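Note: the block below is coords.tsv and it holds TSV, C-alpha atoms and all ligand atoms.
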```tsv
chain	number	residue	atom	x	y	z
E	29	MET	CA	17.96	8.67	17.86
E	30	LYS	CA	14.81	7.04	19.24
E	31	ARG	CA	11.73	6.69	17.03
E	32	THR	CA	8.25	5.85	18.25
E	33	VAL	CA	5.89	3.55	16.39
E	34	ALA	CA	2.14	3.04	16.90
E	35	ALA	CA	1.51	-0.62	16.05
E	36	LEU	CA	-2.18	-1.24	15.23
E	37	ALA	CA	-2.62	-4.93	14.40
E	38	GLY	CA	-6.40	-4.92	13.78
E	39	ASP	CA	-8.48	-7.89	12.64
E	40	GLY	CA	-8.13	-11.30	10.97
E	41	ILE	CA	-4.49	-12.17	10.28
E	42	GLY	CA	-3.44	-8.67	11.49
E	43	PRO	CA	-2.27	-9.74	14.97
E	44	GLU	CA	-0.42	-12.82	13.64
E	45	VAL	CA	1.57	-10.95	11.02
E	46	MET	CA	2.14	-7.89	13.24
E	47	ARG	CA	3.75	-10.14	15.88
E	48	GLU	CA	6.31	-11.26	13.28
E	49	ALA	CA	6.99	-7.72	12.05
E	50	ILE	CA	7.72	-6.61	15.63
E	51	LYS	CA	9.99	-9.65	16.07
E	52	VAL	CA	11.94	-8.58	12.98
E	53	LEU	CA	12.05	-4.92	14.08
E	54	ARG	CA	13.51	-6.02	17.43
E	55	ALA	CA	16.16	-8.04	15.58
E	56	VAL	CA	17.13	-5.16	13.28
E	57	GLU	CA	17.14	-2.77	16.24
E	58	LYS	CA	19.73	-4.97	17.94
E	59	ALA	CA	21.81	-5.64	14.82
E	60	HIS	CA	21.96	-1.97	13.78
E	61	GLY	CA	22.06	-0.27	17.18
E	62	LEU	CA	18.72	1.53	16.66
E	63	ARG	CA	16.18	2.62	19.27
E	64	LEU	CA	12.53	1.92	18.65
E	65	ASP	CA	9.67	2.52	21.05
E	66	ILE	CA	6.82	0.33	19.75
E	67	GLN	CA	3.41	0.86	21.41
E	68	GLU	CA	0.51	-1.39	20.48
E	69	ALA	CA	-3.11	-0.17	20.38
E	70	LEU	CA	-6.58	-1.37	19.43
E	71	VAL	CA	-8.17	-0.81	16.02
E	72	GLY	CA	-10.93	-2.42	13.94
E	73	TRP	CA	-13.53	-4.90	15.17
E	74	ASP	CA	-11.34	-5.73	18.11
E	75	ALA	CA	-11.63	-2.06	19.16
E	76	ILE	CA	-15.40	-1.96	18.50
E	77	ASP	CA	-15.82	-5.00	20.75
E	78	LYS	CA	-13.63	-3.66	23.55
E	79	GLU	CA	-14.07	0.13	23.35
E	80	GLY	CA	-17.18	0.73	21.26
E	81	LYS	CA	-15.54	2.24	18.17
E	82	ALA	CA	-13.15	1.23	15.41
E	83	LEU	CA	-10.62	3.96	16.16
E	84	PRO	CA	-10.72	4.65	19.91
E	85	ASP	CA	-9.57	8.08	21.16
E	86	ARG	CA	-6.63	6.46	22.95
E	87	THR	CA	-5.43	4.87	19.72
E	88	LEU	CA	-5.71	8.15	17.81
E	89	ALA	CA	-3.84	9.96	20.59
E	90	LEU	CA	-1.05	7.37	20.44
E	91	CYS	CA	-0.78	7.81	16.64
E	92	LYS	CA	-0.47	11.58	17.08
E	93	GLU	CA	2.40	11.13	19.54
E	94	SER	CA	4.20	8.62	17.27
E	95	ASP	CA	6.64	9.10	14.38
E	96	ALA	CA	4.84	6.51	12.20
E	97	ILE	CA	1.96	4.03	12.19
E	98	LEU	CA	2.55	0.36	11.48
E	99	PHE	CA	-0.88	-0.95	10.55
E	100	GLY	CA	-2.10	-4.53	10.14
E	101	ALA	CA	-5.51	-4.72	8.47
E	102	VAL	CA	-9.12	-4.09	9.46
E	103	GLY	CA	-12.54	-5.26	8.33
E	104	LEU	CA	-14.44	-8.54	8.48
E	105	GLN	CA	-17.17	-8.84	5.82
E	106	TYR	CA	-19.15	-11.31	7.92
E	107	ARG	CA	-19.66	-8.63	10.60
E	108	ASP	CA	-20.56	-5.78	8.19
E	109	SER	CA	-24.27	-5.88	9.03
E	110	GLU	CA	-23.61	-5.18	12.73
E	111	VAL	CA	-22.95	-1.43	12.33
E	112	PRO	CA	-23.82	1.30	9.77
E	113	LYS	CA	-21.36	1.70	6.87
E	114	GLU	CA	-19.66	4.81	8.28
E	115	LYS	CA	-18.85	3.03	11.56
E	116	ARG	CA	-17.21	0.02	9.92
E	117	PRO	CA	-13.45	-0.18	10.47
E	118	GLU	CA	-12.57	0.37	6.78
E	119	ARG	CA	-14.09	3.87	6.96
E	120	ALA	CA	-14.01	4.75	10.64
E	121	ALA	CA	-10.40	3.65	11.17
E	122	SER	CA	-8.47	3.15	7.92
E	123	LEU	CA	-9.88	6.07	5.93
E	124	ARG	CA	-10.13	8.26	9.02
E	125	LEU	CA	-6.40	7.87	9.77
E	126	ARG	CA	-5.50	8.80	6.17
E	127	ARG	CA	-7.62	11.96	6.39
E	128	GLN	CA	-6.48	12.84	9.90
E	129	PHE	CA	-2.80	12.75	8.96
E	130	GLY	CA	-3.17	14.15	5.41
E	131	LEU	CA	-1.62	11.05	3.83
E	132	TYR	CA	-1.83	12.20	0.21
E	133	ALA	CA	0.45	9.71	-1.53
E	134	ASN	CA	0.17	5.94	-1.63
E	135	LEU	CA	3.24	3.87	-2.49
E	136	ARG	CA	2.99	0.23	-3.58
E	137	PRO	CA	6.35	-1.43	-4.21
E	138	ILE	CA	5.89	-4.55	-6.33
E	139	LYS	CA	8.79	-6.94	-6.33
E	140	LEU	CA	9.02	-10.50	-7.58
E	141	PRO	CA	12.22	-12.15	-6.36
E	142	ALA	CA	13.75	-14.48	-8.96
E	143	GLU	CA	13.22	-17.51	-6.70
E	144	LEU	CA	9.44	-16.94	-6.75
E	145	ALA	CA	9.12	-16.53	-10.53
E	146	TYR	CA	7.11	-19.79	-10.63
E	147	GLY	CA	4.26	-17.96	-8.83
E	148	SER	CA	3.85	-15.37	-11.60
E	149	PRO	CA	1.19	-15.83	-14.28
E	150	LEU	CA	3.72	-14.44	-16.80
E	151	ARG	CA	5.96	-16.73	-18.82
E	152	PRO	CA	9.61	-16.58	-17.65
E	153	GLU	CA	10.78	-14.83	-20.85
E	154	ARG	CA	8.34	-11.98	-20.18
E	155	LEU	CA	9.77	-11.42	-16.72
E	156	GLY	CA	13.10	-10.26	-18.19
E	157	ASP	CA	15.31	-9.01	-15.37
E	158	GLY	CA	12.45	-9.52	-12.89
E	159	ILE	CA	9.72	-7.26	-11.53
E	160	ASP	CA	10.85	-4.47	-9.22
E	161	LEU	CA	8.67	-1.41	-9.53
E	162	LEU	CA	6.97	1.16	-7.34
E	163	VAL	CA	3.52	2.60	-8.05
E	164	VAL	CA	3.04	6.04	-6.48
E	165	ARG	CA	-0.51	7.31	-6.66
E	166	GLN	CA	-2.66	10.03	-5.23
E	167	ALA	CA	-4.47	8.96	-2.08
E	168	THR	CA	-6.38	12.21	-1.65
E	169	GLY	CA	-7.81	14.37	-4.46
E	170	GLY	CA	-8.42	12.79	-7.88
E	171	LEU	CA	-11.45	10.85	-9.06
E	172	TYR	CA	-12.09	8.86	-5.86
E	173	ASN	CA	-11.90	11.84	-3.54
E	174	THR	CA	-13.27	14.84	-5.36
E	175	ALA	CA	-16.26	16.02	-3.35
E	176	ARG	CA	-18.60	16.60	-6.28
E	177	LYS	CA	-20.49	13.36	-6.76
E	178	LYS	CA	-24.07	13.23	-7.81
E	179	THR	CA	-26.83	10.81	-8.61
E	180	GLU	CA	-29.94	12.06	-10.30
E	181	ALA	CA	-33.05	10.08	-9.56
E	182	VAL	CA	-36.49	10.12	-11.07
E	183	LEU	CA	-39.46	8.59	-9.39
E	184	GLU	CA	-41.05	5.85	-11.40
E	185	VAL	CA	-44.38	4.34	-10.58
E	186	ARG	CA	-44.62	0.77	-11.68
E	187	GLY	CA	-48.08	-0.71	-11.95
E	188	GLU	CA	-50.03	-0.67	-8.73
E	189	GLY	CA	-47.09	-1.43	-6.45
E	190	ALA	CA	-45.04	1.00	-4.37
E	191	PRO	CA	-43.19	3.72	-6.30
E	192	MET	CA	-39.62	2.72	-7.15
E	193	GLN	CA	-36.64	4.96	-7.64
E	194	GLN	CA	-34.40	4.39	-10.58
E	195	VAL	CA	-31.14	6.25	-11.04
E	196	LEU	CA	-30.86	7.46	-14.64
E	197	ARG	CA	-27.65	9.43	-14.40
E	198	ALA	CA	-24.71	9.40	-12.01
E	199	VAL	CA	-21.79	11.84	-11.99
E	200	ASP	CA	-18.29	11.62	-10.50
E	201	THR	CA	-15.93	14.54	-10.93
E	202	LEU	CA	-12.20	14.32	-11.54
E	203	SER	CA	-10.64	17.55	-10.41
E	204	LEU	CA	-6.92	18.11	-9.79
E	205	THR	CA	-5.05	21.19	-8.68
E	206	ALA	CA	-1.48	21.91	-9.71
E	207	SER	CA	-0.35	21.70	-6.09
E	208	GLU	CA	-1.97	18.27	-5.57
E	209	ILE	CA	-0.10	16.99	-8.63
E	210	GLU	CA	3.12	18.70	-7.62
E	211	ARG	CA	3.33	17.07	-4.18
E	212	VAL	CA	2.70	13.53	-5.40
E	213	ALA	CA	5.19	14.06	-8.26
E	214	GLN	CA	7.77	15.28	-5.75
E	215	MET	CA	7.21	12.13	-3.66
E	216	ALA	CA	7.73	9.96	-6.76
E	217	PHE	CA	10.96	11.73	-7.73
E	218	LEU	CA	12.29	11.50	-4.18
E	219	ALA	CA	11.48	7.77	-4.10
E	220	ALA	CA	13.22	7.35	-7.48
E	221	THR	CA	16.43	8.84	-6.05
E	222	LEU	CA	16.47	5.87	-3.63
E	223	ARG	CA	15.96	3.42	-6.54
E	224	ARG	CA	16.98	3.17	-10.21
E	225	ARG	CA	16.24	6.84	-10.94
E	226	LYS	CA	13.54	6.48	-13.56
E	227	VAL	CA	9.98	7.83	-13.34
E	228	THR	CA	7.17	6.86	-15.73
E	229	SER	CA	4.34	9.36	-15.41
E	230	VAL	CA	1.06	7.79	-16.48
E	231	ASP	CA	-1.89	9.85	-17.72
E	232	LYS	CA	-4.49	10.17	-20.48
E	233	ALA	CA	-3.27	13.50	-21.86
E	234	ASN	CA	-4.76	12.83	-25.30
E	235	ILE	CA	-8.27	12.99	-23.79
E	236	LEU	CA	-8.42	14.45	-20.27
E	237	GLU	CA	-7.89	18.10	-19.29
E	238	THR	CA	-6.64	16.99	-15.87
E	239	SER	CA	-4.01	14.84	-17.60
E	240	ILE	CA	-2.73	17.79	-19.66
E	241	LEU	CA	-2.20	19.70	-16.42
E	242	TRP	CA	-0.73	16.55	-14.83
E	243	ARG	CA	1.87	16.24	-17.61
E	244	GLN	CA	2.88	19.92	-17.37
E	245	VAL	CA	3.27	19.87	-13.61
E	246	VAL	CA	5.18	16.57	-13.51
E	247	THR	CA	7.54	17.81	-16.24
E	248	GLU	CA	8.12	21.01	-14.28
E	249	ALA	CA	8.76	19.07	-11.04
E	250	SER	CA	11.28	16.84	-12.84
E	251	ARG	CA	13.58	19.84	-13.42
E	252	ARG	CA	14.50	19.75	-9.74
E	253	PHE	CA	15.67	16.14	-10.14
E	254	PRO	CA	18.13	16.29	-13.07
E	255	ASP	CA	19.56	12.83	-12.32
E	256	VAL	CA	16.14	11.14	-12.57
E	257	THR	CA	14.89	10.21	-16.07
E	258	LEU	CA	11.24	11.06	-16.77
E	259	GLU	CA	9.05	9.46	-19.42
E	260	HIS	CA	5.33	9.95	-20.06
E	261	MET	CA	3.03	7.07	-20.97
E	262	LEU	CA	-0.69	6.88	-21.67
E	263	VAL	CA	-2.55	4.72	-19.17
E	264	ASP	CA	-3.79	2.20	-21.74
E	265	THR	CA	-0.24	1.73	-23.03
E	266	ALA	CA	1.01	1.38	-19.45
E	267	ALA	CA	-1.57	-1.35	-18.74
E	268	MET	CA	-0.29	-3.29	-21.77
E	269	GLN	CA	3.40	-2.70	-21.12
E	270	LEU	CA	3.04	-3.94	-17.54
E	271	VAL	CA	2.27	-7.44	-18.78
E	272	LEU	CA	4.47	-7.33	-21.89
E	273	ARG	CA	7.69	-6.00	-20.34
E	274	PRO	CA	7.33	-5.25	-16.63
E	275	ASP	CA	11.10	-4.89	-16.19
E	276	GLN	CA	11.09	-1.52	-18.02
E	277	PHE	CA	9.42	0.19	-15.03
E	278	ASP	CA	11.06	1.67	-11.94
E	279	VAL	CA	8.72	4.31	-10.41
E	280	VAL	CA	5.25	4.75	-11.93
E	281	VAL	CA	3.37	7.89	-10.81
E	282	CYS	CA	-0.31	8.55	-11.49
E	283	GLU	CA	-3.69	9.83	-10.37
E	284	GLY	CA	-5.60	7.73	-7.80
E	285	MET	CA	-7.84	5.58	-9.96
E	286	PHE	CA	-5.19	4.87	-12.60
E	287	GLY	CA	-2.80	3.91	-9.80
E	288	ASP	CA	-5.35	1.72	-8.05
E	289	ILE	CA	-5.88	-0.32	-11.20
E	290	LEU	CA	-2.23	-0.47	-12.31
E	291	ALA	CA	-0.98	-1.40	-8.82
E	292	ASP	CA	-3.41	-4.33	-8.63
E	293	GLU	CA	-2.48	-5.42	-12.15
E	294	ALA	CA	1.21	-5.34	-11.18
E	295	ALA	CA	0.45	-7.13	-7.89
E	296	ALA	CA	-1.21	-9.97	-9.79
E	297	LEU	CA	2.09	-10.51	-11.63
E	298	VAL	CA	3.72	-11.41	-8.32
E	299	GLY	CA	1.30	-14.20	-7.44
E	300	SER	CA	0.65	-13.61	-3.71
E	301	LEU	CA	-0.75	-10.67	-1.77
E	302	GLY	CA	1.23	-11.94	1.19
E	303	LEU	CA	4.45	-10.47	-0.26
E	304	LEU	CA	3.38	-6.91	-0.95
E	305	PRO	CA	3.57	-3.90	1.38
E	306	SER	CA	2.07	-0.45	1.01
E	307	ALA	CA	2.86	3.00	2.42
E	308	SER	CA	0.63	6.06	2.72
E	309	LEU	CA	2.71	9.18	3.18
E	310	GLY	CA	1.90	12.74	4.10
E	311	ALA	CA	3.48	16.06	4.77
E	312	ARG	CA	6.96	16.45	6.19
E	313	HIS	CA	7.26	17.67	9.76
E	314	GLN	CA	10.70	18.74	10.85
E	315	GLY	CA	12.25	16.98	7.88
E	316	GLN	CA	10.42	13.73	8.61
E	317	VAL	CA	7.71	12.12	6.48
E	318	PHE	CA	4.78	10.83	8.54
E	319	GLY	CA	3.40	7.59	7.17
E	320	LEU	CA	1.07	4.65	7.67
E	321	TYR	CA	2.64	1.36	6.64
E	322	GLU	CA	0.63	-1.80	6.03
E	323	PRO	CA	0.34	-4.95	3.91
E	324	ALA	CA	-1.34	-4.48	0.50
E	325	GLY	CA	-3.78	-7.30	1.35
E	326	GLY	CA	-6.61	-7.34	3.85
E	327	THR	CA	-7.55	-9.33	6.94
E	328	ALA	CA	-7.76	-12.67	5.06
E	329	PRO	CA	-10.55	-14.09	7.30
E	330	ASP	CA	-10.32	-17.40	5.39
E	331	ILE	CA	-6.92	-18.18	6.94
E	332	ALA	CA	-7.00	-16.09	10.15
E	333	GLY	CA	-5.98	-17.71	13.42
E	334	LYS	CA	-4.30	-20.71	11.74
E	335	ASN	CA	-0.67	-19.51	11.82
E	336	VAL	CA	-0.44	-19.96	8.04
E	337	ALA	CA	-0.59	-16.34	6.77
E	338	ASN	CA	2.50	-14.98	5.08
E	339	PRO	CA	4.04	-12.30	7.35
E	340	ILE	CA	6.39	-10.97	4.64
E	341	ALA	CA	4.06	-8.13	3.49
E	342	GLN	CA	3.86	-6.83	7.07
E	343	ILE	CA	7.62	-7.24	7.58
E	344	LEU	CA	8.37	-5.37	4.33
E	345	ALA	CA	5.91	-2.65	5.42
E	346	ALA	CA	8.07	-2.22	8.53
E	347	ALA	CA	11.15	-1.91	6.27
E	348	LEU	CA	9.40	0.83	4.26
E	349	MET	CA	8.73	2.66	7.53
E	350	LEU	CA	12.43	2.62	8.41
E	351	ARG	CA	13.31	3.90	4.93
E	352	TYR	CA	10.71	6.60	4.31
E	353	SER	CA	9.79	7.91	7.77
E	354	PHE	CA	13.02	7.35	9.70
E	355	GLY	CA	15.62	7.60	6.91
E	356	TRP	CA	17.25	4.36	8.16
E	357	GLN	CA	18.15	3.09	4.71
E	358	PRO	CA	20.74	0.43	5.74
E	359	ALA	CA	18.35	-1.12	8.28
E	360	ALA	CA	15.51	-1.14	5.74
E	361	GLN	CA	17.80	-2.76	3.18
E	362	ALA	CA	18.94	-5.33	5.76
E	363	ILE	CA	15.32	-6.45	6.34
E	364	GLU	CA	14.71	-6.73	2.59
E	365	ASP	CA	17.96	-8.70	2.17
E	366	ALA	CA	16.99	-11.02	5.04
E	367	VAL	CA	13.60	-11.73	3.38
E	368	ARG	CA	15.37	-12.49	0.12
E	369	LYS	CA	17.88	-14.77	1.85
E	370	VAL	CA	15.19	-16.77	3.62
E	371	LEU	CA	13.22	-17.20	0.38
E	372	ALA	CA	16.42	-18.26	-1.43
E	373	ALA	CA	16.97	-20.85	1.32
E	374	GLY	CA	13.60	-22.38	0.41
E	375	TYR	CA	11.37	-21.20	3.28
E	376	ARG	CA	7.76	-21.01	2.08
E	377	THR	CA	4.39	-20.22	3.68
E	378	PRO	CA	1.44	-22.06	2.05
E	379	ASP	CA	0.52	-19.12	-0.27
E	380	LEU	CA	3.95	-19.52	-1.95
E	381	ARG	CA	3.53	-23.22	-2.65
E	382	GLY	CA	5.02	-23.99	-6.05
E	383	PRO	CA	4.20	-26.61	-8.64
E	384	SER	CA	6.03	-29.03	-6.34
E	385	THR	CA	7.35	-28.63	-2.81
E	386	ALA	CA	10.67	-30.28	-3.68
E	387	GLY	CA	13.53	-28.28	-2.16
E	388	PHE	CA	11.12	-26.16	-0.11
E	389	ARG	CA	10.77	-25.90	3.61
E	390	MET	CA	7.08	-25.29	4.32
E	391	VAL	CA	6.74	-23.10	7.40
E	392	SER	CA	4.14	-21.35	9.55
E	393	THR	CA	3.67	-17.61	10.03
E	394	SER	CA	5.77	-17.58	13.18
E	395	GLU	CA	8.50	-19.80	11.72
E	396	MET	CA	8.83	-17.48	8.72
E	397	GLY	CA	9.11	-14.46	11.03
E	398	SER	CA	11.74	-16.18	13.18
E	399	ALA	CA	13.78	-17.24	10.12
E	400	ILE	CA	13.85	-13.62	8.87
E	401	ALA	CA	14.75	-12.29	12.33
E	402	GLU	CA	17.56	-14.83	12.57
E	403	ALA	CA	18.85	-13.93	9.11
E	404	LEU	CA	19.33	-10.39	10.43
S	1	LIG	P1	-7.82	-10.13	1.49
S	1	LIG	O1	-6.64	-9.39	0.96
S	1	LIG	O2	-7.99	-10.12	2.96
S	1	LIG	O3	-7.75	-11.65	0.99
S	1	LIG	C1	-7.72	-12.00	-0.39
S	1	LIG	C2	-7.03	-13.39	-0.55
S	1	LIG	O4	-5.62	-13.21	-0.33
S	1	LIG	C3	-7.49	-14.40	0.50
S	1	LIG	O5	-7.58	-15.68	-0.10
S	1	LIG	C4	-6.42	-14.36	1.53
S	1	LIG	O6	-6.26	-15.60	2.23
S	1	LIG	C5	-5.17	-14.05	0.71
S	1	LIG	N1	-4.17	-13.32	1.51
S	1	LIG	C6	-4.19	-12.01	1.86
S	1	LIG	N2	-3.14	-11.72	2.63
S	1	LIG	C7	-2.45	-12.88	2.78
S	1	LIG	C8	-1.27	-13.22	3.48
S	1	LIG	N3	-0.58	-12.32	4.20
S	1	LIG	N4	-0.83	-14.50	3.42
S	1	LIG	C9	-1.50	-15.41	2.72
S	1	LIG	N5	-2.62	-15.15	2.02
S	1	LIG	C10	-3.09	-13.90	2.06
S	1	LIG	O7	-9.10	-9.54	0.77
S	1	LIG	P2	-10.65	-9.78	1.05
S	1	LIG	O8	-10.88	-11.21	1.43
S	1	LIG	O9	-11.34	-9.20	-0.11
S	1	LIG	O10	-10.97	-8.85	2.30
S	1	LIG	C11	-11.09	-9.31	3.64
S	1	LIG	C12	-11.37	-8.12	4.55
S	1	LIG	O11	-10.22	-7.29	4.59
S	1	LIG	C13	-12.55	-7.24	4.10
S	1	LIG	O12	-13.35	-6.91	5.20
S	1	LIG	C14	-11.88	-6.01	3.53
S	1	LIG	O13	-12.66	-4.85	3.68
S	1	LIG	C15	-10.62	-5.93	4.38
S	1	LIG	N6	-9.50	-5.22	3.76
S	1	LIG	C16	-8.80	-4.42	4.57
S	1	LIG	C17	-7.69	-3.75	4.09
S	1	LIG	C18	-6.94	-2.86	5.02
S	1	LIG	O14	-7.17	-2.86	6.21
S	1	LIG	N7	-5.98	-2.11	4.53
S	1	LIG	C19	-7.30	-3.92	2.75
S	1	LIG	C20	-8.04	-4.79	1.95
S	1	LIG	C21	-9.15	-5.45	2.45
```
Just give me the structure as C-alpha cells.
Amino acid sequence: MKRTVAALAGDGIGPEVMREAIKVLRAVEKAHGLRLDIQEALVGWDAIDKEGKALPDRTLALCKESDAILFGAVGLQYRDSEVPKEKRPERAASLRLRRQFGLYANLRPIKLPAELAYGSPLRPERLGDGIDLLVVRQATGGLYNTARKKTEAVLEVRGEGAPMQQVLRAVDTLSLTASEIERVAQMAFLAATLRRRKVTSVDKANILETSILWRQVVTEASRRFPDVTLEHMLVDTAAMQLVLRPDQFDVVVCEGMFGDILADEAAALVGSLGLLPSASLGARHQGQVFGLYEPAGGTAPDIAGKNVANPIAQILAAALMLRYSFGWQPAAQAIEDAVRKVLAAGYRTPDLRGPSTAGFRMVSTSEMGSAIAEAL
C-alpha cells in the first residue's frame, strides 16, 4: 500500500538532515518493496521569506492530505526580533501543527548504543545493559497547556519616575481529565507491546490530586494490556533512578512537565542530541495513527550549512514514522539496524567524536546518510 509523507525540512540544519532521511527512506522503500510518496513543502523562516508566513496554506493543505509529517526543525534565535512572538516559526508552525492535528502524546525514545557509551556522562558500570527507554508524555493538557494562567500585577510608583509594574503573584493551573490521562496511557501501553512490555508510570501521587487520578486511570488502562507489567514511581525517585540505573526503564509515561524534564535528563545520558528522534502522535483515523516525526534537537544554527550535522536523529524519526503511523515494523527495524551497523563500523559525525578518533571514520552529514542507506 502507498503512504504519503509531507516532508517539511525547515531552518538551520533541517534541509541537510532531511535530505539524508529521504535518501534512507528511498533505500528502505527499494529493499522492502514499499511505496512512499514524499512531497516536500516550505516551513519556518524559509517560508516566511518566500511566502510571508511560517506555515503557508499550501503546506498545511499538503499535511492534511498526507498520512504523516516528517519535520526537520524551525526557529533561528538571531531572527526572533523580526516578527512578533506569535508569528515566529516555533509557535506559528510547530505548535500550530500539533494543535491542528490534535497530537496529544509525545514520544521520545532514548537509546545509547553500546559503541557510543564513551559519550555518556555516566560511568560504564552505571550503564548496565545500556540505555534503551521511551518517554511518553502528554503534549496537550497538563501544566503547560491548561488554559487558566494568571499574573496579578500591582502598580508601584517609584520615586518621581514613571510608574512601574511589578508582578507579585503568578498562577499556572494543572488540570487533567480522566480521558486525557486514559489516551496517553493507552499510547504508552501500545508502545510497550512493541518493546520490552514494561511501563513505569511517573507521578507525584503523595502530593498532587491530579496524580492520584493519574494513578487510578493508568492502573485501570493497564487491565486491557495483561502482558505488559506496570509499576508506579514518584517523579523525584524517577529522576534519581534515571541516573543510578537507567537500564531498569522500558516505557516511562507521565504528565507533560514531568516528561519534559525526564526526557531531557535521559537525553543528556546519551551525549548527543544528534542521535535522538521524537514523535508527536494523535488520534487514530481508519486504524492509522497520524503523527509528526522530528529530531529531538533544534535547528543548530551554530553548525548549519557546513555538512557536519548528525543526520541520525532525523533518520530515526523516519523509522518511527514507519513503525507508528504506517505499521511497517520490519522496515523501521531495518533502518534502526542499519544505523547501529554503521556506528559499529566506526562511522562518526563530529558530535560523536570520542576521547580519541582511533578506529573511527570521521564523516560528513551526507556521508553518514549514504553509509546508512547502503547498509540497507
Ligand atoms: P539546538 O538543539 O538547535 O542546538 C543545541 C546544540 O546541539 C548545538 O550545539 C547544536 O549544534 C547541537 N545539535 C543539535 N542537533 C544536532 C545534530 N543533529 N548534530 C550535531 N549537533 C547537533 O538548540 P538551540 O541552539 O537551543 O536552538 C536553536 C533553534 O532551534 C532555536 O531557534 C530554537 O527555538 C529552535 N528549536 C526548534 C525545535 C523544533 O523545531 N522542534 C526544537 C528545539 C529548538
With a distance cut-off of 7 Å and only C-alpha atoms, select the neighbouring residues of E:Arg116, excluding the residue or stretch itself and same-chain residues fewer than 5 positions from it, and output the selection as a PyMOL selection string. chain E and resi 82+108+111
Could you give me the residues within 6 Å of ligand LIG 1 (chain S), counting all atoms listed in the file, as number ranges by chain? E: 101-105, 301-302, 325-328, 330-331, 337-339, 379
With C-alpha atoms kept, could you save the residues just selected as a PDB file, keeping the file's coordinate frame?
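Result went into part-v1.pdb, see below:
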```pdb
ATOM      1  CA  ALA E 101      -5.510  -4.720   8.470  1.00  0.00           C
ATOM      2  CA  VAL E 102      -9.120  -4.090   9.460  1.00  0.00           C
ATOM      3  CA  GLY E 103     -12.540  -5.260   8.330  1.00  0.00           C
ATOM      4  CA  LEU E 104     -14.440  -8.540   8.480  1.00  0.00           C
ATOM      5  CA  GLN E 105     -17.170  -8.840   5.820  1.00  0.00           C
ATOM      6  CA  LEU E 301      -0.750 -10.670  -1.770  1.00  0.00           C
ATOM      7  CA  GLY E 302       1.230 -11.940   1.190  1.00  0.00           C
ATOM      8  CA  GLY E 325      -3.780  -7.300   1.350  1.00  0.00           C
ATOM      9  CA  GLY E 326      -6.610  -7.340   3.850  1.00  0.00           C
ATOM     10  CA  THR E 327      -7.550  -9.330   6.940  1.00  0.00           C
ATOM     11  CA  ALA E 328      -7.760 -12.670   5.060  1.00  0.00           C
ATOM     12  CA  ASP E 330     -10.320 -17.400   5.390  1.00  0.00           C
ATOM     13  CA  ILE E 331      -6.920 -18.180   6.940  1.00  0.00           C
ATOM     14  CA  ALA E 337      -0.590 -16.340   6.770  1.00  0.00           C
ATOM     15  CA  ASN E 338       2.500 -14.980   5.080  1.00  0.00           C
ATOM     16  CA  PRO E 339       4.040 -12.300   7.350  1.00  0.00           C
ATOM     17  CA  ASP E 379       0.520 -19.120  -0.270  1.00  0.00           C
TER      18      ASP E 379
END
```
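The space between atom CA of E:Gly158 and atom CA of E:Ala366 spans 18.6 Å.
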Quick one: everything within 6 Å of stretch 84-96 of chain E, counting all atoms listed in the file, minus sequence neighbours fewer than 5 positions away in the same chain. Send it as a PDB file with C-alpha atoms, in the frame of the given file.
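Below is the file that was written, around.pdb:
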```
ATOM      1  CA  THR E  32       8.250   5.850  18.250  1.00  0.00           C
ATOM      2  CA  VAL E  33       5.890   3.550  16.390  1.00  0.00           C
ATOM      3  CA  ALA E  34       2.140   3.040  16.900  1.00  0.00           C
ATOM      4  CA  ALA E  69      -3.110  -0.170  20.380  1.00  0.00           C
ATOM      5  CA  PHE E 318       4.780  10.830   8.540  1.00  0.00           C
ATOM      6  CA  GLY E 319       3.400   7.590   7.170  1.00  0.00           C
TER       7      GLY E 319
END
```
Please compute the atom CA of E:Leu272-atom CA of E:Leu140 distance, one decimal, in Å. 15.3 Å
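When all atoms listed in the file are used to compute distances to E:Asp74, the closest of the residues E:Gly38, E:Gly61, E:Gly100, E:Gly130 turns out to be E:Gly38.
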List every protein, DNA or RNA residue that has at least one atom no more than 9 Å from (11.3, 5.0, -3.9) in the file's coordinates, counting only C-alpha atoms, and write the result as an MDAnalysis selection string. chainID E and resid 135 137 161:162 164 215:225 278:279 352
Length of the atom CA of E:Thr168 to atom CA of E:Leu348 vector [Å]: 20.3 Å
Hey, what's within 9 Å of E:Phe129 if we count only C-alpha atoms and toss same-chain stuff fewer than 2 positions away? As a PyMOL selection string, please? chain E and resi 92+124-127+131-132+309-311+318-319
Contacts of E:Asp264 at 10 Å or less, counting only C-alpha atoms, minus same-chain residues fewer than 3 places along, as an mmCIF file with C-alpha atoms, keeping the file's coordinate frame?
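Once written, result33.cif looks like this:
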```
data_model
loop_
_atom_site.group_PDB
_atom_site.id
_atom_site.type_symbol
_atom_site.label_atom_id
_atom_site.label_comp_id
_atom_site.auth_asym_id
_atom_site.auth_seq_id
_atom_site.Cartn_x
_atom_site.Cartn_y
_atom_site.Cartn_z
ATOM 1 C CA VAL E 230 1.060 7.790 -16.480
ATOM 2 C CA ASP E 231 -1.890 9.850 -17.720
ATOM 3 C CA LYS E 232 -4.490 10.170 -20.480
ATOM 4 C CA MET E 261 3.030 7.070 -20.970
ATOM 5 C CA ALA E 267 -1.570 -1.350 -18.740
ATOM 6 C CA MET E 268 -0.290 -3.290 -21.770
ATOM 7 C CA GLN E 269 3.400 -2.700 -21.120
ATOM 8 C CA PHE E 286 -5.190 4.870 -12.600
ATOM 9 C CA LEU E 290 -2.230 -0.470 -12.310
#
```
Selection as number ranges by chain: residues within 12 Å of (-18.6, 2.5, 14.0), counting only C-alpha atoms: E: 71-77, 79-84, 103, 107-122, 124
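For the residues E:Glu143, E:Asp160, E:Glu44, E:Asp65, ranking by smallest atom-to-atom distance to E:Phe388 using all atoms listed in the file places E:Glu143 first.
Nearest to E:Gln244 of all the residues E:Ala346, E:Ala55, E:Ala213, E:Val227 is E:Ala213, based on only C-alpha atoms.
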